[in-house]
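Structure file data.txt with compact mmCIF, C-alpha atoms:
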```txt
# COMPACT_ATOMS: atom_id res chain seq x y z
CA MET A 1 -76.01 -171.20 111.77
CA GLN A 2 -74.33 -171.32 115.16
CA SER A 3 -76.44 -171.27 118.30
CA PHE A 4 -75.72 -169.02 121.26
CA HIS A 5 -74.09 -171.73 123.32
CA GLU A 6 -71.79 -172.60 120.42
CA TYR A 7 -70.64 -168.98 120.30
CA ILE A 8 -69.97 -169.09 124.05
CA ASP A 9 -68.05 -172.34 123.59
CA VAL A 10 -65.81 -170.86 120.88
CA PHE A 11 -65.37 -167.69 122.94
CA LEU A 12 -64.21 -169.67 125.99
CA ARG A 13 -61.79 -171.71 123.90
CA LEU A 14 -60.31 -168.52 122.49
CA CYS A 15 -60.11 -167.09 126.02
CA ALA A 16 -58.01 -170.11 127.05
CA VAL A 17 -55.61 -169.44 124.17
CA TYR A 18 -55.22 -165.75 125.00
CA LEU A 19 -54.94 -166.42 128.74
CA PHE A 20 -52.08 -168.75 127.97
CA LEU A 21 -50.52 -166.08 125.76
CA PHE A 22 -50.85 -163.48 128.54
CA LEU A 23 -49.40 -165.85 131.13
CA PHE A 24 -46.38 -166.58 128.98
CA PHE A 25 -45.99 -162.91 128.22
CA LEU A 26 -45.76 -162.22 131.98
CA LEU A 27 -43.35 -165.13 132.44
CA ASN A 28 -41.18 -163.59 129.76
CA ILE A 29 -40.95 -160.40 131.84
CA ILE A 30 -39.92 -161.93 135.14
CA SER A 31 -36.50 -163.44 135.06
CA ILE A 32 -36.00 -166.82 136.63
CA SER A 33 -32.99 -166.79 138.92
CA MET A 34 -31.04 -169.97 139.31
CA PRO A 35 -28.42 -170.88 141.92
CA LEU A 36 -25.07 -169.10 141.47
CA SER A 37 -26.97 -165.97 140.38
CA ILE A 38 -27.50 -167.13 136.83
CA THR A 39 -30.45 -165.33 135.34
CA ILE A 40 -32.27 -167.23 132.66
CA ASP A 41 -34.38 -165.50 130.07
CA VAL A 42 -36.65 -168.12 128.57
CA PRO A 43 -37.94 -166.90 125.19
CA PHE A 44 -41.55 -167.92 125.90
CA VAL A 45 -43.12 -165.29 123.66
CA LEU A 46 -40.92 -166.31 120.72
CA MET A 47 -42.11 -169.91 121.13
CA LEU A 48 -45.76 -168.86 121.07
CA LEU A 49 -45.29 -166.50 118.15
CA TYR A 50 -43.46 -169.14 116.16
CA TYR A 51 -46.08 -171.81 116.79
CA TRP A 52 -49.13 -169.65 116.11
CA SER A 53 -47.48 -168.05 113.06
CA ILE A 54 -47.33 -171.50 111.51
CA TYR A 55 -50.61 -173.02 112.63
CA ARG A 56 -52.99 -170.12 113.32
CA PRO A 57 -51.59 -166.69 112.33
CA THR A 58 -55.07 -165.16 112.60
CA LEU A 59 -54.79 -165.58 116.38
CA ILE A 60 -51.85 -163.19 116.52
CA PRO A 61 -52.61 -160.26 114.20
CA PRO A 62 -49.72 -157.83 113.61
CA LEU A 63 -51.26 -155.20 115.88
CA LEU A 64 -51.37 -157.63 118.83
CA VAL A 65 -47.77 -158.71 118.15
CA PHE A 66 -46.70 -155.07 118.02
CA ALA A 67 -48.55 -154.27 121.29
CA MET A 68 -46.94 -157.26 123.00
CA GLY A 69 -43.49 -156.18 121.87
CA VAL A 70 -44.02 -152.58 122.99
CA CYS A 71 -45.37 -153.67 126.40
CA LEU A 72 -42.42 -156.03 126.88
CA ASP A 73 -40.03 -153.20 126.01
CA LEU A 74 -41.74 -150.84 128.44
CA LEU A 75 -41.92 -153.32 131.30
CA SER A 76 -38.45 -154.83 130.99
CA GLY A 77 -36.49 -151.66 130.33
CA TRP A 78 -35.60 -152.51 126.73
CA PRO A 79 -35.16 -149.74 124.16
CA LEU A 80 -38.71 -149.09 122.93
CA GLY A 81 -39.53 -150.79 119.64
CA LEU A 82 -36.79 -153.44 119.84
CA ASN A 83 -38.92 -156.44 120.78
CA ALA A 84 -41.85 -155.18 118.71
CA PHE A 85 -39.52 -155.18 115.68
CA ILE A 86 -38.15 -158.66 116.43
CA PHE A 87 -41.61 -160.14 117.03
CA LEU A 88 -43.07 -158.65 113.85
CA VAL A 89 -40.14 -159.78 111.72
CA LEU A 90 -40.37 -163.29 113.23
CA ARG A 91 -44.12 -163.45 112.65
CA GLN A 92 -43.84 -162.36 109.06
CA SER A 93 -40.87 -164.58 108.23
CA VAL A 94 -42.54 -167.66 109.70
CA THR A 95 -45.93 -166.86 108.18
CA SER A 96 -44.30 -166.64 104.77
CA GLN A 97 -42.95 -170.19 105.27
CA ARG A 98 -46.09 -171.74 106.77
CA VAL A 99 -47.16 -173.44 103.56
CA PHE A 100 -43.97 -175.48 103.78
CA LEU A 101 -43.90 -175.88 107.57
CA THR A 102 -47.50 -176.99 108.18
CA GLY A 103 -47.09 -180.25 106.29
CA GLN A 104 -43.79 -181.20 107.90
CA PRO A 105 -43.11 -183.63 110.76
CA PHE A 106 -42.44 -182.06 114.16
CA ILE A 107 -38.67 -182.48 113.90
CA VAL A 108 -38.61 -180.10 110.91
CA VAL A 109 -40.78 -177.58 112.79
CA TRP A 110 -38.38 -177.87 115.71
CA LEU A 111 -35.37 -177.31 113.43
CA GLY A 112 -37.18 -174.28 112.06
CA PHE A 113 -37.61 -173.02 115.63
CA MET A 114 -33.89 -173.47 116.26
CA VAL A 115 -33.14 -171.20 113.32
CA ALA A 116 -35.88 -168.73 114.28
CA VAL A 117 -34.93 -168.41 117.96
CA SER A 118 -31.20 -168.23 117.24
CA SER A 119 -31.57 -165.49 114.65
CA SER A 120 -34.15 -163.57 116.72
CA LEU A 121 -32.03 -163.56 119.88
CA PHE A 122 -28.88 -162.73 117.94
CA LEU A 123 -30.71 -159.83 116.28
CA GLN A 124 -31.97 -158.72 119.70
CA TRP A 125 -28.42 -158.76 121.08
CA ALA A 126 -27.00 -156.91 118.06
CA LEU A 127 -29.73 -154.24 118.03
CA PHE A 128 -29.40 -153.68 121.79
CA GLY A 129 -25.66 -153.20 121.32
CA LEU A 130 -26.17 -150.77 118.46
CA ILE A 131 -28.80 -148.72 120.31
CA ARG A 132 -26.99 -148.54 123.65
CA LEU A 133 -23.48 -148.72 122.17
CA GLN A 134 -22.63 -151.24 124.87
CA TRP A 135 -21.91 -154.85 124.01
CA VAL A 136 -23.05 -157.21 126.72
CA SER A 137 -21.71 -160.73 127.02
CA PHE A 138 -23.12 -163.17 124.46
CA ASP A 139 -23.00 -166.17 126.85
CA PRO A 140 -26.43 -165.60 128.46
CA VAL A 141 -27.92 -165.32 124.95
CA ILE A 142 -26.51 -168.74 124.06
CA ILE A 143 -28.02 -170.16 127.28
CA SER A 144 -31.41 -168.59 126.38
CA ILE A 145 -31.26 -170.08 122.87
CA PHE A 146 -30.39 -173.50 124.27
CA ILE A 147 -33.15 -173.43 126.89
CA GLY A 148 -35.66 -172.19 124.31
CA ILE A 149 -34.79 -175.07 121.98
CA VAL A 150 -34.96 -177.65 124.79
CA LEU A 151 -38.29 -176.38 126.13
CA PHE A 152 -39.97 -175.91 122.75
CA PRO A 153 -41.33 -179.49 122.39
CA ALA A 154 -43.07 -179.26 125.79
CA ILE A 155 -44.56 -175.84 125.06
CA ALA A 156 -45.52 -176.96 121.54
CA LEU A 157 -47.38 -179.92 123.04
CA VAL A 158 -49.50 -177.61 125.21
CA LEU A 159 -50.08 -175.29 122.25
CA HIS A 160 -51.02 -178.29 120.12
CA ILE A 161 -53.72 -179.22 122.66
CA LEU A 162 -54.99 -175.63 122.63
CA HIS A 163 -54.93 -175.66 118.84
CA ARG A 164 -57.06 -178.80 118.74
CA MET A 165 -59.56 -177.11 121.03
CA LEU A 166 -60.08 -174.34 118.51
CA PRO A 167 -62.66 -174.68 115.75
CA GLU A 168 -61.47 -175.24 112.17
CA ILE A 169 -61.42 -172.13 110.02
CA GLN A 170 -62.56 -172.47 106.42
CA GLY A 171 -59.79 -171.89 103.92
CA GLN A 172 -57.03 -172.28 106.53
CA TYR A 173 -54.64 -175.15 106.23
CA SER A 174 -53.85 -176.84 109.48
CA ALA A 175 -51.34 -179.43 110.60
CA VAL A 176 -53.70 -180.73 113.24
CA THR A 177 -55.07 -184.07 112.20
CA MET B 178 -49.41 -158.35 92.50
CA PRO B 179 -49.32 -159.97 95.92
CA LEU B 180 -46.88 -158.46 98.40
CA PRO B 181 -44.12 -160.77 99.62
CA TRP B 182 -45.36 -160.65 103.25
CA GLY B 183 -48.80 -162.09 102.67
CA GLY B 184 -52.30 -160.76 103.43
CA SER B 185 -51.73 -158.25 106.24
CA SER B 186 -48.42 -157.16 104.77
CA PHE B 187 -49.14 -153.44 104.62
CA LEU B 188 -50.08 -153.24 108.30
CA SER B 189 -47.10 -155.39 109.26
CA LEU B 190 -44.73 -153.33 107.22
CA ALA B 191 -46.15 -150.12 108.69
CA LEU B 192 -45.75 -151.49 112.24
CA ILE B 193 -42.19 -152.62 111.50
CA VAL B 194 -41.39 -149.10 110.30
CA ILE B 195 -42.99 -147.65 113.46
CA SER B 196 -40.86 -150.04 115.57
CA VAL B 197 -37.72 -148.86 113.81
CA VAL B 198 -38.71 -145.22 114.40
CA LEU B 199 -39.30 -146.00 118.09
CA MET B 200 -35.88 -147.68 118.29
CA VAL B 201 -34.20 -144.64 116.74
CA ILE B 202 -35.95 -142.33 119.22
CA SER B 203 -34.92 -144.69 122.06
CA ALA B 204 -31.32 -144.53 120.90
CA PHE B 205 -31.13 -140.73 120.77
CA ARG B 206 -33.66 -139.68 123.41
CA PRO B 207 -34.05 -142.63 125.82
CA GLN B 208 -35.83 -140.44 128.40
CA SER B 209 -38.71 -139.71 125.97
CA PHE B 210 -40.74 -142.73 127.04
CA GLU B 211 -40.16 -142.58 130.79
CA GLY B 212 -43.73 -141.51 131.61
CA LEU B 213 -45.16 -144.24 129.42
CA ARG B 214 -42.91 -146.87 131.03
CA THR B 215 -43.99 -145.96 134.54
CA ASN B 216 -47.69 -145.91 133.57
CA VAL B 217 -47.45 -149.37 132.00
CA SER B 218 -45.52 -150.66 135.03
CA ASP B 219 -48.28 -149.34 137.31
CA ILE B 220 -50.93 -151.14 135.25
CA PHE B 221 -49.08 -154.46 135.11
CA SER B 222 -47.69 -154.41 138.67
CA PRO B 223 -50.53 -156.46 140.31
CA ALA B 224 -50.28 -159.23 137.68
CA LEU B 225 -46.48 -159.22 137.80
CA SER B 226 -46.47 -159.31 141.58
CA THR B 227 -48.83 -162.30 141.64
CA ILE B 228 -46.92 -164.27 139.04
CA SER B 229 -43.53 -163.45 140.58
CA MET B 230 -44.46 -164.66 144.05
CA PRO B 231 -44.15 -168.43 143.45
CA PHE B 232 -40.89 -167.88 141.57
CA GLN B 233 -39.50 -165.79 144.43
CA GLN B 234 -40.36 -168.59 146.86
CA ILE B 235 -38.78 -171.20 144.56
CA ASN B 236 -35.67 -169.04 144.29
CA LEU B 237 -35.44 -168.78 148.06
CA PHE B 238 -35.92 -172.52 148.44
CA LEU B 239 -33.30 -173.34 145.78
CA HIS B 240 -30.91 -170.89 147.36
CA ASP B 241 -31.36 -172.48 150.78
CA VAL B 242 -30.98 -176.02 149.46
CA THR B 243 -27.83 -175.26 147.50
CA ASN B 244 -26.36 -173.60 150.57
CA LEU B 245 -27.19 -176.43 152.97
CA ALA B 246 -23.71 -177.91 152.76
CA GLN B 247 -22.20 -174.58 153.72
CA LEU B 248 -24.48 -174.04 156.68
CA GLN B 249 -22.54 -176.20 159.14
CA ALA B 250 -19.23 -174.57 158.35
CA ASP B 251 -20.90 -171.15 158.45
CA ASN B 252 -22.41 -171.89 161.84
CA LEU B 253 -19.06 -172.75 163.38
CA ARG B 254 -17.44 -169.71 161.81
CA LEU B 255 -20.27 -167.45 162.98
CA GLU B 256 -20.03 -168.69 166.56
CA GLN B 257 -16.34 -167.83 166.63
CA GLU B 258 -17.05 -164.53 164.94
CA ASN B 259 -19.77 -163.77 167.46
CA THR B 260 -17.35 -164.18 170.35
CA ARG B 261 -14.93 -161.88 168.61
CA LEU B 262 -17.67 -159.37 167.85
CA ARG B 263 -18.75 -159.22 171.48
CA GLN B 264 -15.25 -158.05 172.31
CA TRP B 265 -15.41 -155.58 169.43
CA TYR B 266 -18.77 -154.33 170.65
CA GLN B 267 -17.23 -153.27 173.93
CA THR B 268 -14.42 -151.58 172.05
CA ALA B 269 -16.96 -149.87 169.74
CA LEU B 270 -18.89 -148.48 172.69
CA LEU B 271 -15.71 -146.97 174.07
CA LEU B 272 -14.76 -145.56 170.65
CA ASP B 273 -18.26 -144.19 170.13
CA SER B 274 -18.17 -142.19 173.29
CA GLU B 275 -14.68 -140.98 172.44
CA ASN B 276 -15.81 -140.11 168.92
CA ARG B 277 -18.77 -138.11 170.19
CA SER B 278 -16.63 -136.03 172.49
CA LEU B 279 -14.13 -135.42 169.69
CA ARG B 280 -16.91 -134.37 167.30
CA GLU B 281 -18.20 -131.91 169.82
CA LEU B 282 -14.70 -130.60 170.06
CA LEU B 283 -14.37 -130.18 166.26
CA ASN B 284 -17.97 -129.08 165.71
CA LEU B 285 -18.17 -131.67 162.87
CA GLU B 286 -21.44 -131.92 160.93
CA VAL B 287 -22.57 -135.47 160.22
CA ASP B 288 -25.04 -136.04 157.40
CA LYS B 289 -28.05 -137.46 159.18
CA SER B 290 -30.54 -136.04 156.74
CA TYR B 291 -31.65 -139.34 155.24
CA SER B 292 -34.77 -141.22 156.22
CA HIS B 293 -36.00 -144.30 154.41
CA ILE B 294 -39.06 -145.89 152.85
CA SER B 295 -39.35 -149.66 153.10
CA ALA B 296 -40.82 -151.50 150.13
CA ARG B 297 -41.34 -154.95 148.71
CA ILE B 298 -39.83 -156.15 145.47
CA LEU B 299 -42.75 -156.75 143.12
CA SER B 300 -40.84 -158.49 140.43
CA ASP B 301 -37.35 -159.08 139.25
CA SER B 302 -37.90 -157.89 135.72
CA GLY B 303 -34.22 -157.87 134.91
CA ASN B 304 -32.87 -159.82 131.97
CA THR B 305 -29.62 -160.44 130.16
CA TYR B 306 -29.48 -156.83 129.06
CA VAL B 307 -31.08 -154.79 131.83
CA LYS B 308 -30.62 -155.52 135.52
CA SER B 309 -33.55 -153.90 137.25
CA MET B 310 -36.30 -154.60 139.76
CA LEU B 311 -39.76 -153.21 140.35
CA ALA B 312 -40.56 -151.93 143.86
CA SER B 313 -43.98 -151.47 145.42
CA VAL B 314 -43.70 -147.74 146.12
CA GLY B 315 -44.00 -144.68 143.95
CA ASN B 316 -44.80 -140.98 143.85
CA THR B 317 -47.57 -141.34 146.40
CA ASN B 318 -45.07 -142.65 148.96
CA GLY B 319 -42.59 -139.86 148.33
CA VAL B 320 -40.09 -141.80 146.21
CA VAL B 321 -37.98 -139.58 143.98
CA LYS B 322 -35.87 -140.40 140.95
CA GLY B 323 -32.21 -140.95 141.75
CA ALA B 324 -32.78 -142.10 145.35
CA ALA B 325 -30.34 -144.73 146.61
CA VAL B 326 -31.71 -148.17 147.42
CA VAL B 327 -30.23 -150.40 150.10
CA ALA B 328 -31.07 -153.79 151.55
CA GLY B 329 -30.11 -155.21 154.92
CA GLU B 330 -26.66 -156.16 153.66
CA GLY B 331 -25.64 -153.24 151.48
CA LEU B 332 -26.24 -151.03 148.47
CA VAL B 333 -28.67 -152.35 145.86
CA GLY B 334 -29.00 -149.57 143.28
CA ARG B 335 -30.88 -146.39 142.57
CA ILE B 336 -34.34 -145.39 141.45
CA VAL B 337 -34.49 -144.62 137.73
CA GLU B 338 -38.24 -144.42 137.10
CA VAL B 339 -41.02 -143.44 139.44
CA GLY B 340 -44.65 -144.26 138.76
CA GLU B 341 -47.64 -143.57 140.94
CA ASN B 342 -47.41 -146.83 142.89
CA THR B 343 -44.30 -148.49 141.54
CA SER B 344 -40.71 -147.54 140.88
CA ARG B 345 -37.91 -149.18 138.97
CA ILE B 346 -34.54 -149.82 140.58
CA LEU B 347 -31.45 -149.96 138.40
CA LEU B 348 -29.19 -152.50 140.10
CA ILE B 349 -25.53 -151.68 140.70
CA ASN B 350 -24.41 -154.53 138.44
CA ASP B 351 -26.30 -153.12 135.43
CA ILE B 352 -24.15 -152.05 132.51
CA ASN B 353 -25.36 -148.45 132.95
CA SER B 354 -24.48 -148.27 136.62
CA ARG B 355 -21.48 -146.26 137.86
CA VAL B 356 -21.02 -145.83 141.59
CA PRO B 357 -18.30 -143.62 143.12
CA VAL B 358 -16.76 -145.76 145.84
CA VAL B 359 -13.87 -145.69 148.24
CA VAL B 360 -11.76 -148.56 149.57
CA GLU B 361 -12.26 -148.37 153.29
CA ASP B 362 -8.80 -149.30 154.55
CA THR B 363 -6.65 -147.35 152.04
CA GLY B 364 -9.00 -144.47 151.25
CA GLN B 365 -8.44 -145.12 147.51
CA HIS B 366 -11.26 -143.64 145.39
CA ALA B 367 -12.60 -145.55 142.39
CA ILE B 368 -15.65 -146.00 140.22
CA MET B 369 -17.54 -149.27 140.48
CA ALA B 370 -18.95 -150.12 137.05
CA GLY B 371 -21.56 -152.75 136.28
CA TYR B 372 -21.11 -155.11 133.34
CA ASN B 373 -24.41 -157.02 133.58
CA GLU B 374 -22.46 -159.74 135.34
CA ARG B 375 -22.68 -160.88 138.92
CA ASN B 376 -19.74 -158.81 140.20
CA PRO B 377 -19.18 -155.19 139.14
CA LYS B 378 -15.61 -154.02 138.48
CA LEU B 379 -13.51 -151.23 139.91
CA ILE B 380 -12.36 -148.82 137.20
CA HIS B 381 -10.36 -145.59 137.04
CA LEU B 382 -7.84 -146.86 139.54
CA PRO B 383 -4.31 -145.40 139.46
CA GLU B 384 -1.65 -147.87 138.39
CA ASP B 385 0.12 -147.73 141.72
CA SER B 386 -3.03 -148.36 143.76
CA LYS B 387 -2.51 -150.99 146.40
CA ILE B 388 -5.81 -152.65 147.10
CA SER B 389 -5.78 -155.95 148.88
CA GLU B 390 -8.23 -158.76 148.25
CA GLY B 391 -11.10 -158.69 150.71
CA ALA B 392 -10.90 -154.93 151.27
CA ARG B 393 -14.27 -153.41 152.11
CA ILE B 394 -15.84 -151.02 149.60
CA ILE B 395 -18.19 -148.22 150.64
CA THR B 396 -19.80 -145.37 148.71
CA SER B 397 -17.72 -142.22 148.61
CA GLY B 398 -20.65 -139.83 148.35
CA TYR B 399 -19.13 -138.08 145.31
CA GLY B 400 -21.70 -136.95 142.79
CA GLY B 401 -24.41 -136.69 145.43
CA VAL B 402 -26.49 -139.67 144.26
CA TYR B 403 -25.40 -142.07 146.98
CA PRO B 404 -24.75 -140.88 150.53
CA HIS B 405 -21.26 -141.44 151.91
CA GLY B 406 -20.49 -144.65 153.74
CA LEU B 407 -23.04 -147.15 152.42
CA PRO B 408 -21.49 -150.63 152.46
CA VAL B 409 -21.16 -152.05 148.93
CA GLY B 410 -19.01 -155.18 148.95
CA ARG B 411 -15.56 -156.71 149.13
CA VAL B 412 -12.76 -156.64 146.57
CA ILE B 413 -11.68 -159.75 144.72
CA ILE B 414 -8.84 -159.84 142.24
CA GLU B 415 -9.70 -161.70 139.03
CA LYS B 416 -7.22 -163.96 137.20
CA ASN B 417 -6.61 -161.24 134.59
CA GLY B 418 -5.77 -158.73 137.33
CA ASP B 419 -9.10 -156.85 137.18
CA MET B 420 -10.56 -155.86 140.49
CA SER B 421 -14.15 -156.92 141.01
CA VAL B 422 -16.49 -156.45 143.91
CA ILE B 423 -18.46 -159.22 145.58
CA LEU B 424 -21.60 -157.36 146.56
CA PHE B 425 -22.98 -157.53 150.09
CA ALA B 426 -26.55 -157.36 148.72
CA ASP B 427 -27.80 -160.74 147.60
CA PHE B 428 -30.09 -160.02 144.63
CA ASP B 429 -31.39 -163.63 144.61
CA ARG B 430 -32.90 -163.30 148.06
CA LEU B 431 -34.02 -159.70 147.87
CA GLN B 432 -37.61 -159.23 149.02
CA ILE B 433 -37.61 -156.04 151.04
CA ILE B 434 -35.54 -152.97 150.30
CA ARG B 435 -35.11 -149.51 151.75
CA ILE B 436 -35.21 -146.41 149.59
CA LEU B 437 -33.23 -143.57 151.11
CA LYS B 438 -35.00 -140.27 151.18
CA LYS B 439 -33.28 -136.98 151.71
CA ASP B 440 -35.16 -134.99 154.31
CA GLN B 441 -35.76 -131.64 152.58
CA SER B 442 -36.54 -129.81 155.81
CA GLY B 443 -33.13 -130.73 157.12
CA LYS B 444 -34.69 -132.33 160.17
CA VAL B 445 -33.69 -135.82 161.06
CA ASP B 446 -36.53 -138.28 160.65
CA GLY B 447 -35.35 -140.49 163.43
CA GLY B 448 -38.18 -142.99 163.23
CA SER B 449 -38.19 -143.32 159.45
CA ASN B 450 -41.03 -144.93 157.64
CA ASN B 451 -40.56 -148.43 158.90
CA ALA B 452 -43.91 -149.77 157.77
CA ILE B 453 -43.36 -152.00 154.76
CA ILE B 454 -45.44 -150.84 151.87
CA PRO B 455 -47.07 -153.88 150.25
```
As structure tokens, the full file:
Amino acid sequence: MQSFHEYIDVFLRLCAVYLFLFLFFLLNIISISMPLSITIDVPFVLMLLYYWSIYRPTLIPPLLVFAMGVCLDLLSGWPLGLNAFIFLVLRQSVTSQRVFLTGQPFIVVWLGFMVAVSSSLFLQWALFGLIRLQWVSFDPVIISIFIGIVLFPAIALVLHILHRMLPEIQGQYSAVT
Amino acid sequence: MPLPWGGSSFLSLALIVISVVLMVISAFRPQSFEGLRTNVSDIFSPALSTISMPFQQINLFLHDVTNLAQLQADNLRLEQENTRLRQWYQTALLLDSENRSLRELLNLEVDKSYSHISARILSDSGNTYVKSMLASVGNTNGVVKGAAVVAGEGLVGRIVEVGENTSRILLINDINSRVPVVVEDTGQHAIMAGYNERNPKLIHLPEDSKISEGARIITSGYGGVYPHGLPVGRVIIEKNGDMSVILFADFDRLQIIRILKKDQSGKVDGGSNNAIIP
């Protein structure tokens, strides 16, 4: 049986995970302007969803993923439901493959992220075009995919540390050794 | 039989269906969620403002560093320009007095019925698809939907959503933006359309229009959204012959904006609301 201070310890560790999630959610909303007026959309939330969907899907229940998507849509001026749809589809697709992905070396997980982020951002672009009937340039999407892929190892490292901080859950398979 | 989407598949599937329904509603009735958007923006504005601040400072720093090489040349050019402008200033004073006497003669009404509200940019929440910004003023400060937004240099956009303490500005380079403009030297009317790229384009120009590169673009006032005469930018001719506009407003450095407010009483609010609302 866990003592009170153990509960507090687990609670604080979970707080750190969700604080990180909230921070990256906010970072996903603000665009980072670069010289020459290039706006970069870094797919931070997709990175977090992908990682936790493999290693700890219980941390991101569907309702939370839906709420995050809806809030992102509302705050960034997207058609409502678009990001919620993309996030839920990503979560479910990755969760269905986690038995395979958890046992793989990082390079395979990274390759999986390349596929996941490319298809998610392409779907986002296509759905936006269909809803608004306006086709925006695909170049910034390619830049976002590239930056997402390049940054993923660094973000995954931080998430890995957070993951190790969390207590083991009985019956869950984990890649953390 | 287990469902293909794992344990919480029913909830996930239900939420995916709800998302699709929301998307369909967004496609056919985009204005349905306006109230919700502004409420959520109001709630998140303090967090967004805090997290945006370091990025705004980094943007300013990067902008200054990348422009360092140009500064010397700019300085020389500006000194020469300043000398020229001093001469023009004298000319302008003469013309102004002449203009005033002519106006009195013609009994011409000049639209002075706009005052302004100054505000800070809380966050640049624009992305690849939507070019917008969140400003620190809302209903309580008298901001109304559709109001034109300008910065020190020129036109920025218009207000599309108004919350209690925040409002969203649709930038003039957004794909949904259409601004009726006029080329200052030729008087040629056109529509300036955003394409989510840096420079908006001039559309609906007659084939025989003669617009020279560098010509100044101002708002025409048609449609009533933007007052007449707001400076917008300068024309550049692209390689494919399209006419684009280099905007006077620098969205990278934007921190304080002015929201134009039509004075309903018809009185001129000479002082305006110059206090910057945090």
Counting all atoms listed in the file, a student should be able to say which residues of chain B come within 8 Å of chain A; what is the right answer, written as a count of residues only? 47
Interatomic distance, atom CA of Ser119 of chain A to atom CA of Ile145 of chain A (Å, one decimal): 9.4 Å
Between atom CA of Gly391 of chain B and atom CA of Ile298 of chain B, what distance in Å does the model show, to one decimal?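 According to the coordinates, atom CA of Gly391 of chain B and atom CA of Ile298 of chain B are separated by 29.3 Å.
Atom pair atom CA of Gln257 of chain B / atom CA of Val242 of chain B: separated by 24.0 Å.
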Write out as a short mmCIF file (atom, residue, chain, number, x, y, z; two decimals) with C-alpha atoms, keeping the file's coordinate frame which residues come within 12 Å of Gly406 of chain B when counting only C-alpha atoms, dropping same-chain ones fewer than 3 positions away.
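Just written: selection.cif:
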```cif
data_model
loop_
_atom_site.label_atom_id
_atom_site.label_comp_id
_atom_site.auth_asym_id
_atom_site.auth_seq_id
_atom_site.Cartn_x
_atom_site.Cartn_y
_atom_site.Cartn_z
CA VAL B 287 -22.57 -135.47 160.22
CA ASP B 288 -25.04 -136.04 157.40
CA LYS B 289 -28.05 -137.46 159.18
CA VAL B 327 -30.23 -150.40 150.10
CA GLY B 331 -25.64 -153.24 151.48
CA LEU B 332 -26.24 -151.03 148.47
CA PRO B 357 -18.30 -143.62 143.12
CA VAL B 358 -16.76 -145.76 145.84
CA VAL B 359 -13.87 -145.69 148.24
CA VAL B 360 -11.76 -148.56 149.57
CA GLU B 361 -12.26 -148.37 153.29
CA GLY B 364 -9.00 -144.47 151.25
CA ARG B 393 -14.27 -153.41 152.11
CA ILE B 394 -15.84 -151.02 149.60
CA ILE B 395 -18.19 -148.22 150.64
CA THR B 396 -19.80 -145.37 148.71
CA SER B 397 -17.72 -142.22 148.61
CA GLY B 398 -20.65 -139.83 148.35
CA TYR B 399 -19.13 -138.08 145.31
CA TYR B 403 -25.40 -142.07 146.98
CA VAL B 409 -21.16 -152.05 148.93
CA GLY B 410 -19.01 -155.18 148.95
#
```
Considering all atoms listed in the file, return as a ChimeraX atom specification whatever protein or nucleic-acid residues lie within 6 Å of Leu379 of chain B, sequence-local ones (same chain, fewer than 5 positions apart) excluded. /B:368-369,420-421
